[in-house]
Amino acid sequence: MTTKAKVATVWLDGCSGCHMSFLDMDERLVGLADKIELVYSPLVDNKVFPDDVDVTLVEGAVSSEDDLAKIRKVRAHTKVLVSLGDCAVTGNVPAMRNHFDTIDVTNRAYFENAALQQQLPCEVVPKLLDRVRPVHEVVKVDVHIPGCPPPADVIHFAVAEMLEGRLPDLTGKTRFGM
Amino acid sequence: MASAAHVVTLTIDGRDVSANADDTVLEVARENGIFIPRLCNIDGLTPVGACRLCLIEIKGSPKLVPACVAKVTEGMEVTTKSERLDRYRRVILEMLFAERNHICSVCVSNGHCELQALALDIGMTHVRVPYRYLRVGIDASHDRFIVDHNRCVLCTRCVRVCDEIEGAHTWDLLGRGTNSRVITDLHQPWGESDTCTSCGKCVNVCPTGALSIKGHSVAEMSKRKQFLPYLTLMRTEK
Amino acid sequence: MTPEELNKLAATTRKHQQQFAHQINVCVGTGCQSSGSAAVLEALTGEVKKTGAQSSCLVRGSGCRGMCASGPLLSVDPEGVLYGPVTVEDAPDLVRSLSEGKLTRLVCESDSPFFTRQCRVVLENAGRIDPERIQDYIAMEGYSALARVVTEMSPGEVLEEITRSGLRGRGGAGYPTGLKWSTVAKARSEQKYVICNGDEGDPGAFMDRSVMEDDPHRIIEGMAIAAYAVGAKQGYIYVRAEYPLAIKRLKNALAQAKRDGFLGDGICGSSFSFTVDLRLGAGAFVCGEETALIASVEGRRGMPRPRPPYPAVAGLWGKPTLINNVETFGNIQSIIRKGADWFATIGTERSKGTKVFALTGRVANSGLIEVPMGITLREIVYEIGGGIPEGRRCKGVQTGGPSGGCIPEALLDRPVDYESLAELGSIMGSGGMIVIDETSCMVDVAKYFMEFCMTESCGKCVPCRTGTSQMHDLLHKITEGEASLDDLDLLQELCEVVRNTSLCGLGQSAPNPVLSTLRYFKDEYMAHIVDKQCPAGVCQMRHAVEV
C-alpha cells in the first residue's frame with residue numbers, strides 16, 4: 001500500500017444515526033483503517049476541512065446557512081461526494097418543517113415549547129434556511145446511499161467499492177427508510 | 001377443441017408463452033414469473049391503467065401500452081424491460097416520491113410498502129425532481145382507521161374495492177390534477193361517514209401507509225391483500 | 001316533413017324574404033352581444049317601425065361575421081354592405097341610409113382580404129340566417145341533405161360519400177371521418193350512439209361556439225345523417241356550460257327540429273328515427289377527450305380511460321359510439337348537398353375542405369375565419385389578419401392551444417394542413433390560432449400553456465398529474481432567472497416521459513408547447529438560464545441565486 005485514501009465524514013442536519021451505523025461496521029473498521037485515513041469527521045479532532053479529500057460521506061440535510069456554507073466547501077474539496085442516509089438523500093425528517101414558515105418553526109421551539117428564557121437565538125445557533133433541501137439539490141452528489149440509517153453492511157460495501165475506484169451499484173441493497 | 005381457439009401464443013421478453021385470449025399481458029407475465037412493476041393494479045379489482053408503471057413495448061405498436069389492460073393476441077411480441085422503460089418507470093416513481101410527503105423512516109408501513117419496494121427493485125437511490133411538499137392533511141376521525149394523505153399515491157384501489165367488492169362506495173375522488181384527493185362520502189370526515197361499513201378492505205388494499213389501522217407505530221402496519229382474490233374466487237365459484 | 005313539403009317551405013320562406021327590399025342582419029353572437037348588439041337590434045327594430053318601413057325592411061338577428069374586433073356588426077342585404085362598430089345612436093342614420101345610400105362613416109370594408117380570402121363552408125349561413133328560426137335554415141337548403149339521405153340513399157352510400165370527400169376530424173387529430181363512421185357502422189349492436197363534442201376548451205378558441213350559436217340546425221342535421229349512416233337511434237350534444245348562448249340556441253333548435261319532424265320517429269316520412277339530447281359539461285377541459293366525455297355523459301367523474309377499446313367499439317354505456325367534433329358535423333350537410341367531389345376540390349391532397357380558426361393575439365384583424373386547407377400561415381396572418389399592429393415584428397404563430405406548438409415566423413410559408421403542422425411540431429388542433437409578436441417571451445408562453453395543462457390535468461395518471469406540475473415549476477424557475485442548465489436537461493427528460501407515458505391526449509400533448517419553443521426559440525431559454533435575461537422583457541428576473 002503506497003498511500004491511504006483520504007476520507008471525511010460530515011454531519012449536517014441529521015440525528016447522527018448514520019454515523020452510528022458507520023461505527024457499526026465494528027471490527028471491519030480495523031481493516032478499513034489500513035486503507036483509509038479519516039482526515040475530517042465529528043469522530044476525529046480535525047477542525048478544518050482539508051483541501052483534497054478522496055471520499056466524503058455526508059450525513060444530514062441542508063437546513064441552515066451553516067450547512068450550506070459547509071457543503072459548498074466540502075464539495076469544492078472532495079473528489080467523490082456521498083449522500084449517506086435519508087436526510088442527505090431525501091431531506092427526510094428535517095424536511096418535514098418545509099410545510100411551515102421558518103418563523104413559526106423557531107417560535108414553536110424557542111417560545112411555545114420553552115419553559116425558561118424564551119428568546120430567539122442570535123448567536124452560535126446558525127440561521128435556518130427557508131427550506132430544508134436534500135444535498136443533491138444544492139451541490140452535485142456522486143453516490144447516494146439511502147436508508148434511515150443505511151445498514152453497516154451497505155456502508156462497508158459502498159466504501160469498499162469506492163476504495164477500488166468504482167461507484168457502487170446499490171440496486172436491491174438499501175432503500176428509503178431502511 | 002372449442003376452447004383451443006381461445007388459446008393464443010405470444011412472446012414476452014423473448015420467451016414463448018401461451019395464454020387465454022381474454023388474459024391481460026400482466027396476468028400472463030406473472031404466471032410465467034416475469035415481473036412487471038405495478039401500483040394501481042391489484043388482482044381482483046378492475047384495472048384502470050393509471051400508474052403507468054406497467055407500460056410495455058409491443059412490437060409494431062408505436063405507443064407504449066399498460067400491461068394491466070392490454071389483452072394478449074396471437075403472435076404478440078412483448079418487451080417488459082428495456083433501457084427506455086426502466087428510465088420512464090424510474091422518472092414516474094421519482095415524481096410520485098416528490099409529489100407528496102413519503103417519509104419512509106417514520107411511516108407505519110415502512111418495510112411493507114409497495115412504493116418503497118418498487119424503488120428498491122429498480123435501484124432508485126434518490127429523487128432527481130424537486131420535492132413539492134404538497135400540504136395535505138390526515139383524517140383520524142374514524143374509530144379504527146386513519147387516512148394520511150401525505151402517503152397517498154392516488155392509485156384509487158380504495159375507491160374501487162369499496163365500490164366493486166364492498167358495494168358501499170364510500171371512497172371517491174375530489175379535485176383535479178395534483179390537488180386530487182381521496183374523500184369519504186361527500187367530503188365528510190371518515191368518522192362521520194354514513195356509508196362506511198368499517199370493513200377495512202380499503203386499508204388492506206392500500207399499497208402505502210396512506211390507509212392504516214390505528215394503534216400501529218412505525219413499520220408495524222402490514223397489509224393482508226390475499227383476501228381479495230380469495231373473496232372474488234369464492235363469489236364466482238358460488 | 002316530407003322532402004316535397006320541405007322544398008315548398010323553403011320556397012315560401014325565400015319568397016317571403018324577397019318581399020323585403022332590404023334586410024338588416026344584426027350579429028347576435030356572443031362576441032357582438034358583449035359589445036351591445038342586442039340593444040342595437042332592438043333600436044333598429046324600433047326605428048324601422050317608427051319610420052313605417054317594416055313592410056320593406058326586415059330586421060333580424062343573425063350569426064357571426066368573423067370580424068369580432070369591429071363589433072357590433074350588421075349587414076344590409078341584398079346590397080351586402082357591412083357596418084361596424086354600430087351603436088344604438090346610429091339606428092336612425094342607418095335606417096335613413098336604406099333610401100339615401102351607404103352610411104360611409106360606419107362601413108366596414110367587406111371586399112378586404114379578411115373576407116375575400118376566406119372560403120365559407122361550415123360558416124356559410126353564419127350572418128345570413130336568424131339562428132333561432134328553422135325556416136331561415138330551411139330557406140338555405142337546410143335539412144334537404146337529411147331528407148335526401150333518408151329517402152334516397154342507403155347507409156352504405158352515405159358512408160361512401162363521406163369517405164370519398166376526404167373529410168378528417170376537425171377536433172384536432174384529423175382521423176378520417178369516413179373510416180370512423182364505417183367502424184361504428186360495422187359494429188354489431190342493437191343500440192349505438194352519436195355524440196357531438198362541443199366541449200371546446202382551448203384558451204382563445206371559439207370556433208365551435210360560433211357554429212353552435214350561428215347555425216345550430218347544421219349540427220343537428222349532420223348528426224342525424226351520421227346516425228342514419230352508422231345505425232344509431234340516440235344522440236347527445238355535449239356542450240360546456242360556459243356557453244349559455246350556444247346552449248339556448250341548441251335547445252331551441254332541437255325543439256324546432258323535433259316539431260318539424262327532423263328528429264324523432266319517422267324522419268322525413270322514412271322509417272328512420274333519431275333523437276338528440278343535450279348534456280352540459282361542468283368545466284373540465286379533459287372532458288374534450290372522448291373517453292372522459294363519455295364518462296361525463298354517463299354521469300360519472302370526467303376521467304379518461306385507456307383505449308382500446310375505442311368508443312367506436314365500446315363507448316357510451318359500453319355501446320358502439322360515434323364521436324365527432326362540432327365542426328366535423330358542420331361539414332356533413334354541405335358534402336351531401338354539393339357532393340364529395342365538390343368538397344374534395346377544396347384543400348390539399350391529404351387535407352380536404354376548409355378549417356375554421358379563431359384568429360387572436362397580436363394581429364390587426366382578430367376574429368373568426370374559415371380558410372381552405374393549404375393556405376399558408378403567412379397569408380392568414382398578413383392578408384386575412386392584416387399583419388401585426390404598430391409595425392412590430394411577428395415572432396410566430398401558436399396553433400392547437402395547450403396541445404399544440406409555436407411555429408416561428410421563418411416557417412410561416414408552410415401550408416396549413418394536418419401533416420405540415422405536425423411536421424413543424426405543432427398540430428392543427430381544434431382551431432385556436434394565436435399570433436405572437438416580439439413583445440411576448442416564448443418561455444413565458446410555454447409556461448402559460450403548462451400552467452393550463454397542470455390545472456386541467458384530471459389527476460388520474462401519474463405522469464400527467466405530477467409531470468405537468470414539475471414541468472411548470474421548472475419553467476417558472478427559468479422565468480425567474482434561477483434555473484441551471486441541469487434544470488433544462490431535466491425539463492427535456494420530463495417532456496419525453498410525460499409525452500410517452502401519459503394515459504390520454506392531454507398528457508401526451510402537454511409537452512408540445514415546451515418542445516416546440518425549445519426547438520425554435522432555444523436562444524430565449526438560454527438567455528434566461530445563462531445570461532439571466534428575458535429578451536422580450538416580460539419575465540421579472542429575480543436576482544440570480546448562486547448555487
# chains A, B, ... in the order shown; residues from 1 in each chain; ligands from 1
$ interface_residues --of "chain A" --to "chain C" --cutoff "10 Å" --atoms "only C-alpha atoms" --output "ChimeraX atom specification"
/A:68,72,137-139
$ closest_atom_pairs --of "chain A" --to "chain B" --cutoff "9 Å" --atoms "only C-alpha atoms" --output "Markdown table"
| residue | atom | partner | partner_atom | distance |
| --- | --- | --- | --- | --- |
| A:Asp86 | CA | B:Ser105 | CA | 8.1 |
| A:Val89 | CA | B:His126 | CA | 6.0 |
| A:Thr90 | CA | B:His126 | CA | 6.9 |
| A:Gly91 | CA | B:Ile103 | CA | 8.8 |
| A:Asn92 | CA | B:Ile103 | CA | 5.7 |
| A:Val93 | CA | B:Ile103 | CA | 7.0 |
| A:Ala95 | CA | B:Tyr133 | CA | 8.8 |
| A:Met96 | CA | B:Asn101 | CA | 8.1 |
| A:Asn98 | CA | B:Tyr133 | CA | 6.9 |
| A:His99 | CA | B:Arg135 | CA | 6.4 |
| A:Arg133 | CA | B:Tyr131 | CA | 8.6 |
| A:His136 | CA | B:Arg128 | CA | 8.0 |
| A:Glu137 | CA | B:Pro130 | CA | 7.5 |
| A:Val143 | CA | B:Thr125 | CA | 8.6 |
| A:His144 | CA | B:Thr125 | CA | 5.8 |
| A:Ile145 | CA | B:Thr125 | CA | 6.5 |
| A:Pro146 | CA | B:Thr125 | CA | 6.1 |
| A:Gly147 | CA | B:Ser105 | CA | 8.0 |
| A:Cys148 | CA | B:Ser105 | CA | 6.0 |
| A:Pro149 | CA | B:Ser105 | CA | 8.8 |
| A:Asp169 | CA | B:Gly123 | CA | 8.2 |
| A:Leu170 | CA | B:Gly123 | CA | 6.6 |
| A:Thr171 | CA | B:Gly123 | CA | 3.9 |
| A:Gly172 | CA | B:Leu120 | CA | 5.2 |
| A:Lys173 | CA | B:Leu120 | CA | 7.6 |
| A:Thr174 | CA | B:Leu120 | CA | 6.9 |
| A:Arg175 | CA | B:Leu120 | CA | 5.5 |
| A:Phe176 | CA | B:Cys104 | CA | 5.9 |
| A:Gly177 | CA | B:Ser105 | CA | 3.9 |
| A:Met178 | CA | B:Ser105 | CA | 7.0 |
$ write_last_selection --atoms "N, CA, C and O atoms" --output "tab-separated table (two decimals), in the first residue's frame"
chain	number	residue	atom	x	y	z
A	86	ASP	N	-31.01	8.89	4.61
A	86	ASP	CA	-32.20	9.54	4.07
A	86	ASP	C	-32.21	11.06	4.21
A	86	ASP	O	-32.73	11.76	3.34
A	89	VAL	N	-30.18	12.28	1.49
A	89	VAL	CA	-30.69	11.85	0.19
A	89	VAL	C	-32.07	12.45	-0.12
A	89	VAL	O	-32.34	12.87	-1.23
A	90	THR	N	-32.95	12.51	0.87
A	90	THR	CA	-34.33	12.95	0.61
A	90	THR	C	-34.76	14.18	1.41
A	90	THR	O	-35.81	14.75	1.13
A	91	GLY	N	-34.03	14.56	2.41
A	91	GLY	CA	-34.49	15.62	3.31
A	91	GLY	C	-35.11	15.02	4.56
A	91	GLY	O	-34.99	15.58	5.65
A	92	ASN	N	-35.80	13.88	4.35
A	92	ASN	CA	-36.31	13.06	5.46
A	92	ASN	C	-37.01	13.87	6.56
A	92	ASN	O	-37.72	14.82	6.27
A	93	VAL	N	-36.79	13.52	7.80
A	93	VAL	CA	-37.50	14.16	8.91
A	93	VAL	C	-37.21	15.67	9.02
A	93	VAL	O	-38.14	16.45	9.19
A	95	ALA	N	-36.86	17.74	6.77
A	95	ALA	CA	-37.63	18.45	5.73
A	95	ALA	C	-39.12	18.53	6.06
A	95	ALA	O	-39.87	19.20	5.35
A	96	MET	N	-39.54	17.85	7.12
A	96	MET	CA	-40.96	17.93	7.47
A	96	MET	C	-41.34	19.35	7.89
A	96	MET	O	-42.50	19.72	7.88
A	98	ASN	N	-40.71	21.87	6.17
A	98	ASN	CA	-40.94	22.66	4.97
A	98	ASN	C	-42.41	23.04	4.77
A	98	ASN	O	-42.73	23.86	3.93
A	99	HIS	N	-43.27	22.42	5.52
A	99	HIS	CA	-44.68	22.78	5.43
A	99	HIS	C	-45.00	24.05	6.20
A	99	HIS	O	-46.11	24.56	6.12
A	133	ARG	N	-33.28	21.16	2.28
A	133	ARG	CA	-33.14	20.51	0.98
A	133	ARG	C	-32.18	19.32	1.07
A	133	ARG	O	-31.22	19.35	1.83
A	136	HIS	N	-28.25	16.83	-2.85
A	136	HIS	CA	-28.08	16.94	-4.30
A	136	HIS	C	-28.88	18.08	-4.92
A	136	HIS	O	-28.69	18.41	-6.08
A	137	GLU	N	-29.78	18.69	-4.17
A	137	GLU	CA	-30.46	19.88	-4.70
A	137	GLU	C	-29.59	21.12	-4.54
A	137	GLU	O	-29.90	22.19	-5.04
A	143	VAL	N	-22.64	9.74	-5.22
A	143	VAL	CA	-23.22	8.46	-4.80
A	143	VAL	C	-24.30	8.72	-3.74
A	143	VAL	O	-24.11	9.56	-2.86
A	144	HIS	N	-25.41	8.03	-3.88
A	144	HIS	CA	-26.49	8.16	-2.90
A	144	HIS	C	-26.67	6.84	-2.19
A	144	HIS	O	-26.86	5.81	-2.83
A	145	ILE	N	-26.62	6.88	-0.87
A	145	ILE	CA	-26.86	5.66	-0.09
A	145	ILE	C	-28.08	5.92	0.80
A	145	ILE	O	-27.95	6.47	1.89
A	146	PRO	N	-29.28	5.55	0.32
A	146	PRO	CA	-30.46	5.79	1.16
A	146	PRO	C	-30.50	4.84	2.36
A	146	PRO	O	-29.72	3.89	2.44
A	147	GLY	N	-31.43	5.11	3.26
A	147	GLY	CA	-31.57	4.28	4.45
A	147	GLY	C	-31.64	5.17	5.68
A	147	GLY	O	-31.04	6.23	5.70
A	148	CYS	N	-32.38	4.73	6.67
A	148	CYS	CA	-32.50	5.53	7.88
A	148	CYS	C	-32.28	4.65	9.10
A	148	CYS	O	-33.22	4.26	9.76
A	149	PRO	N	-31.05	4.33	9.42
A	149	PRO	CA	-29.84	4.65	8.66
A	149	PRO	C	-29.55	3.55	7.66
A	149	PRO	O	-30.12	2.47	7.73
A	169	ASP	N	-22.94	0.01	-7.06
A	169	ASP	CA	-24.31	-0.19	-7.53
A	169	ASP	C	-25.11	-0.76	-6.36
A	169	ASP	O	-24.89	-1.89	-5.93
A	170	LEU	N	-26.03	0.05	-5.87
A	170	LEU	CA	-26.74	-0.34	-4.64
A	170	LEU	C	-28.10	-0.94	-4.90
A	170	LEU	O	-28.91	-1.10	-3.99
A	171	THR	N	-28.37	-1.28	-6.18
A	171	THR	CA	-29.68	-1.84	-6.51
A	171	THR	C	-30.02	-3.04	-5.63
A	171	THR	O	-29.24	-3.98	-5.53
A	172	GLY	N	-31.18	-2.97	-4.99
A	172	GLY	CA	-31.65	-4.08	-4.16
A	172	GLY	C	-30.97	-4.18	-2.81
A	172	GLY	O	-31.27	-5.09	-2.03
A	173	LYS	N	-30.04	-3.26	-2.50
A	173	LYS	CA	-29.29	-3.39	-1.25
A	173	LYS	C	-29.84	-2.54	-0.11
A	173	LYS	O	-29.83	-2.94	1.04
A	174	THR	N	-30.30	-1.35	-0.45
A	174	THR	CA	-30.82	-0.48	0.61
A	174	THR	C	-31.93	0.38	0.04
A	174	THR	O	-32.02	0.58	-1.16
A	175	ARG	N	-32.79	0.84	0.92
A	175	ARG	CA	-33.93	1.63	0.43
A	175	ARG	C	-34.22	2.77	1.40
A	175	ARG	O	-33.68	2.80	2.52
A	176	PHE	N	-35.10	3.65	0.95
A	176	PHE	CA	-35.54	4.73	1.82
A	176	PHE	C	-36.16	4.14	3.08
A	176	PHE	O	-36.91	3.17	3.02
A	177	GLY	N	-35.83	4.71	4.22
A	177	GLY	CA	-36.47	4.30	5.47
A	177	GLY	C	-36.02	2.97	6.02
A	177	GLY	O	-36.60	2.45	6.97
A	178	MET	N	-34.96	2.39	5.46
A	178	MET	CA	-34.49	1.03	5.81
A	178	MET	C	-34.63	0.74	7.31
A	178	MET	O	-34.20	1.50	8.14
$ residues_around --residues "Tyr110 (chain A)" --least-positions-apart "4" --cutoff "8 Å" --atoms "only C-alpha atoms" --output "list in words"
Thr106, Ala114, Gln118, Gln119 and Leu120 of chain A
$ write_last_selection --atoms "C-alpha atoms" --output "compact mmCIF listing (two decimals), in the first residue's frame"
# COMPACT_ATOMS: atom_id res chain seq x y z
CA THR A 106 -38.46 28.80 15.58
CA ALA A 114 -39.61 26.66 26.06
CA GLN A 118 -37.88 32.36 25.92
CA GLN A 119 -35.84 34.06 23.23
CA LEU A 120 -34.75 33.63 19.64
$ closest_atom_pairs --of "chain B" --to "chain C" --cutoff "6 Å" --atoms "only C-alpha atoms" --output "CSV"
residue,atom,partner,partner_atom,distance
B:Ala50,CA,C:Cys461,CA,4.2
B:Cys51,CA,C:Val462,CA,5.4
B:Tyr88,CA,C:Val497,CA,5.8
B:Arg176,CA,C:Cys458,CA,4.8
B:Gly177,CA,C:Gly459,CA,3.7
B:Thr178,CA,C:Arg465,CA,5.4
$ atom_distance --atom1 "CA of Cys68 (chain C)" --atom2 "CA of Gly367 (chain C)"
4.9 Å
$ atom_distance --atom1 "CA of Ala410 (chain C)" --atom2 "CA of Gly391 (chain C)"
17.2 Å
$ residues_around --residues "Leu32 (chain A)" --least-positions-apart "4" --cutoff "9 Å" --atoms "only C-alpha atoms" --output "number ranges by chain"
A: 28, 36-37, 156, 159-160
$ atom_distance --atom1 "CA of Gly209 (chain B)" --atom2 "CA of Arg181 (chain B)"
15.1 Å
$ select_by_dssp --residues "region 9-177 of chain B" --states "strand (DSSP E or B)" --output "PyMOL selection string"
chain B and resi 9-12+15-20+24+55-58+65-66+71+77-79+138-139+145-148+171-174
$ select_by_dssp --residues "region 27-207 of chain B" --states "alpha helix (DSSP H)" --output "ChimeraX atom specification"
/B:27-31,83-99,114-121,157-160,201-205
$ write_last_selection --atoms "N, CA, C and O atoms" --output "compact mmCIF listing (two decimals), in the first residue's frame"
# COMPACT_ATOMS: atom_id res chain seq x y z
N GLU B 27 -51.19 -10.40 -16.46
CA GLU B 27 -51.53 -11.69 -15.86
C GLU B 27 -50.64 -12.81 -16.40
O GLU B 27 -50.10 -13.63 -15.64
N VAL B 28 -50.47 -12.80 -17.72
CA VAL B 28 -49.68 -13.86 -18.34
C VAL B 28 -48.22 -13.76 -17.92
O VAL B 28 -47.57 -14.77 -17.63
N ALA B 29 -47.73 -12.52 -17.84
CA ALA B 29 -46.33 -12.33 -17.43
C ALA B 29 -46.12 -12.89 -16.04
O ALA B 29 -45.16 -13.60 -15.76
N ARG B 30 -47.04 -12.59 -15.14
CA ARG B 30 -46.89 -13.04 -13.76
C ARG B 30 -46.97 -14.56 -13.65
O ARG B 30 -46.20 -15.18 -12.91
N GLU B 31 -47.90 -15.15 -14.41
CA GLU B 31 -47.99 -16.61 -14.43
C GLU B 31 -46.66 -17.25 -14.80
O GLU B 31 -46.32 -18.33 -14.36
N GLU B 83 -34.05 -0.29 -21.76
CA GLU B 83 -33.41 0.91 -21.19
C GLU B 83 -34.45 2.01 -21.06
O GLU B 83 -34.56 2.69 -20.06
N ARG B 84 -35.27 2.17 -22.12
CA ARG B 84 -36.26 3.24 -22.13
C ARG B 84 -37.33 3.03 -21.05
O ARG B 84 -37.65 3.94 -20.29
N LEU B 85 -37.86 1.79 -20.98
CA LEU B 85 -38.90 1.52 -19.98
C LEU B 85 -38.37 1.73 -18.57
O LEU B 85 -39.04 2.30 -17.71
N ASP B 86 -37.13 1.24 -18.32
CA ASP B 86 -36.53 1.41 -16.99
C ASP B 86 -36.45 2.90 -16.62
O ASP B 86 -36.77 3.30 -15.51
N ARG B 87 -36.03 3.69 -17.61
CA ARG B 87 -35.87 5.12 -17.37
C ARG B 87 -37.23 5.78 -17.07
O ARG B 87 -37.37 6.55 -16.13
N TYR B 88 -38.23 5.43 -17.89
CA TYR B 88 -39.55 6.03 -17.68
C TYR B 88 -40.11 5.64 -16.32
O TYR B 88 -40.67 6.46 -15.60
N ARG B 89 -39.97 4.35 -15.97
CA ARG B 89 -40.51 3.89 -14.69
C ARG B 89 -39.83 4.62 -13.54
O ARG B 89 -40.45 5.01 -12.55
N ARG B 90 -38.54 4.82 -13.70
CA ARG B 90 -37.79 5.49 -12.65
C ARG B 90 -38.27 6.93 -12.47
O ARG B 90 -38.52 7.38 -11.35
N VAL B 91 -38.46 7.63 -13.60
CA VAL B 91 -38.92 9.03 -13.51
C VAL B 91 -40.33 9.08 -12.89
O VAL B 91 -40.61 9.93 -12.05
N ILE B 92 -41.18 8.15 -13.29
CA ILE B 92 -42.54 8.14 -12.74
C ILE B 92 -42.49 7.91 -11.22
O ILE B 92 -43.17 8.60 -10.45
N LEU B 93 -41.67 6.97 -10.80
CA LEU B 93 -41.53 6.71 -9.36
C LEU B 93 -40.95 7.92 -8.63
O LEU B 93 -41.43 8.30 -7.57
N GLU B 94 -39.96 8.54 -9.25
CA GLU B 94 -39.37 9.73 -8.62
C GLU B 94 -40.43 10.81 -8.45
O GLU B 94 -40.50 11.46 -7.41
N MET B 95 -41.25 10.99 -9.49
CA MET B 95 -42.27 12.03 -9.40
C MET B 95 -43.30 11.71 -8.33
O MET B 95 -43.84 12.60 -7.69
N LEU B 96 -43.57 10.41 -8.15
CA LEU B 96 -44.50 10.02 -7.08
C LEU B 96 -43.91 10.34 -5.70
O LEU B 96 -44.59 10.87 -4.83
N PHE B 97 -42.64 10.01 -5.53
CA PHE B 97 -42.00 10.29 -4.25
C PHE B 97 -41.94 11.79 -3.98
O PHE B 97 -42.03 12.22 -2.83
N ALA B 98 -41.78 12.57 -5.06
CA ALA B 98 -41.63 14.02 -4.87
C ALA B 98 -42.97 14.73 -4.70
O ALA B 98 -43.03 15.86 -4.25
N GLU B 99 -44.07 14.04 -5.09
CA GLU B 99 -45.35 14.74 -5.12
C GLU B 99 -45.87 15.07 -3.72
O GLU B 99 -46.22 16.20 -3.42
N GLU B 114 -45.55 -0.91 -0.97
CA GLU B 114 -45.30 -1.27 -2.37
C GLU B 114 -44.50 -0.20 -3.09
O GLU B 114 -43.69 -0.50 -3.97
N LEU B 115 -44.72 1.05 -2.74
CA LEU B 115 -43.98 2.14 -3.38
C LEU B 115 -42.49 2.04 -3.04
O LEU B 115 -41.62 2.11 -3.90
N GLN B 116 -42.25 1.84 -1.76
CA GLN B 116 -40.87 1.69 -1.27
C GLN B 116 -40.19 0.48 -1.93
O GLN B 116 -39.05 0.57 -2.38
N ALA B 117 -40.94 -0.61 -2.04
CA ALA B 117 -40.39 -1.83 -2.62
C ALA B 117 -40.05 -1.64 -4.10
O ALA B 117 -39.04 -2.14 -4.58
N LEU B 118 -40.90 -0.89 -4.81
CA LEU B 118 -40.65 -0.66 -6.23
C LEU B 118 -39.36 0.14 -6.42
O LEU B 118 -38.57 -0.14 -7.32
N ALA B 119 -39.16 1.13 -5.55
CA ALA B 119 -37.94 1.94 -5.63
C ALA B 119 -36.72 1.06 -5.43
O ALA B 119 -35.71 1.19 -6.11
N LEU B 120 -36.84 0.14 -4.49
CA LEU B 120 -35.74 -0.79 -4.21
C LEU B 120 -35.47 -1.69 -5.41
O LEU B 120 -34.33 -1.88 -5.82
N ASP B 121 -36.57 -2.19 -6.00
CA ASP B 121 -36.43 -3.12 -7.13
C ASP B 121 -35.72 -2.49 -8.32
O ASP B 121 -34.94 -3.16 -8.99
N ARG B 157 -57.20 2.32 -5.49
CA ARG B 157 -57.58 0.96 -5.09
C ARG B 157 -58.69 1.01 -4.04
O ARG B 157 -59.62 0.21 -4.07
N CYS B 158 -58.59 1.94 -3.10
CA CYS B 158 -59.60 2.05 -2.04
C CYS B 158 -60.97 2.36 -2.63
O CYS B 158 -61.99 1.80 -2.23
N VAL B 159 -60.94 3.30 -3.64
CA VAL B 159 -62.20 3.68 -4.27
C VAL B 159 -62.84 2.47 -4.94
O VAL B 159 -64.04 2.20 -4.80
N ARG B 160 -62.00 1.69 -5.64
CA ARG B 160 -62.53 0.56 -6.39
C ARG B 160 -62.97 -0.59 -5.48
O ARG B 160 -64.02 -1.20 -5.70
N LYS B 201 -61.46 -3.15 4.06
CA LYS B 201 -60.91 -3.62 2.77
C LYS B 201 -59.99 -2.57 2.16
O LYS B 201 -58.95 -2.88 1.60
N CYS B 202 -60.41 -1.30 2.28
CA CYS B 202 -59.60 -0.22 1.69
C CYS B 202 -58.21 -0.19 2.31
O CYS B 202 -57.20 0.00 1.62
N VAL B 203 -58.16 -0.40 3.62
CA VAL B 203 -56.87 -0.36 4.32
C VAL B 203 -55.97 -1.47 3.80
O VAL B 203 -54.79 -1.26 3.53
N ASN B 204 -56.55 -2.63 3.60
CA ASN B 204 -55.73 -3.78 3.21
C ASN B 204 -55.27 -3.76 1.76
O ASN B 204 -54.29 -4.41 1.43
N VAL B 205 -55.99 -3.03 0.89
CA VAL B 205 -55.51 -2.96 -0.50
C VAL B 205 -54.58 -1.77 -0.73
O VAL B 205 -53.88 -1.71 -1.74
$ residues_around --residues "region 53-55 of chain B" --least-positions-apart "5" --cutoff "8 Å" --atoms "only C-alpha atoms" --output "MDAnalysis selection string"
(chainID B and resid 26 36:39 64:68 80 85 89 92) or (chainID C and resid 501)
$ residues_around --residues "Asp277 (chain C)" --least-positions-apart "5" --cutoff "12 Å" --atoms "only C-alpha atoms" --output "list in words"
Tyr193, Val194, Ile195, Cys196, Ile220, Met223, Lys233, Gln234, Gly235, Tyr236, Ile237, Tyr238, Val239, Ile247, Leu250, Lys251, Asn252, Ala253, Leu254, Ala255, Lys258, Leu263, Gly264 and Val297 of chain C
$ write_last_selection --atoms "C-alpha atoms" --output "PDB file, in the first residue's frame"
ATOM      1  CA  TYR C 193     -74.888   6.366 -30.115  1.00  0.00           C
ATOM      2  CA  VAL C 194     -73.782   9.511 -31.881  1.00  0.00           C
ATOM      3  CA  ILE C 195     -72.127  12.198 -29.797  1.00  0.00           C
ATOM      4  CA  CYS C 196     -71.256  15.701 -30.837  1.00  0.00           C
ATOM      5  CA  ILE C 220     -78.300  18.538 -35.803  1.00  0.00           C
ATOM      6  CA  MET C 223     -75.612  14.252 -36.552  1.00  0.00           C
ATOM      7  CA  LYS C 233     -81.043   5.997 -32.704  1.00  0.00           C
ATOM      8  CA  GLN C 234     -79.864   8.270 -29.934  1.00  0.00           C
ATOM      9  CA  GLY C 235     -77.534  11.240 -29.996  1.00  0.00           C
ATOM     10  CA  TYR C 236     -76.048  13.614 -27.468  1.00  0.00           C
ATOM     11  CA  ILE C 237     -74.617  17.050 -27.887  1.00  0.00           C
ATOM     12  CA  TYR C 238     -72.084  17.678 -25.149  1.00  0.00           C
ATOM     13  CA  VAL C 239     -71.625  21.425 -24.638  1.00  0.00           C
ATOM     14  CA  ILE C 247     -76.996  26.077 -25.196  1.00  0.00           C
ATOM     15  CA  LEU C 250     -79.297  24.430 -29.452  1.00  0.00           C
ATOM     16  CA  LYS C 251     -82.239  23.826 -27.129  1.00  0.00           C
ATOM     17  CA  ASN C 252     -84.393  25.985 -29.333  1.00  0.00           C
ATOM     18  CA  ALA C 253     -83.162  24.275 -32.493  1.00  0.00           C
ATOM     19  CA  LEU C 254     -83.700  20.783 -31.039  1.00  0.00           C
ATOM     20  CA  ALA C 255     -87.299  21.662 -30.168  1.00  0.00           C
ATOM     21  CA  LYS C 258     -88.413  17.726 -33.342  1.00  0.00           C
ATOM     22  CA  LEU C 263     -85.763  14.450 -35.206  1.00  0.00           C
ATOM     23  CA  GLY C 264     -87.947  11.848 -33.562  1.00  0.00           C
ATOM     24  CA  VAL C 297     -72.319  11.921 -20.268  1.00  0.00           C
TER      25      VAL C 297
END
$ residues_around --residues "region 9-22 of chain A" --least-positions-apart "2" --cutoff "9 Å" --atoms "only C-alpha atoms" --output "ChimeraX atom specification"
/A:7,24-26,29,38-43,55-64,66-67,70-71,74,84-85,87-88,91-94,132,147-152,155-156
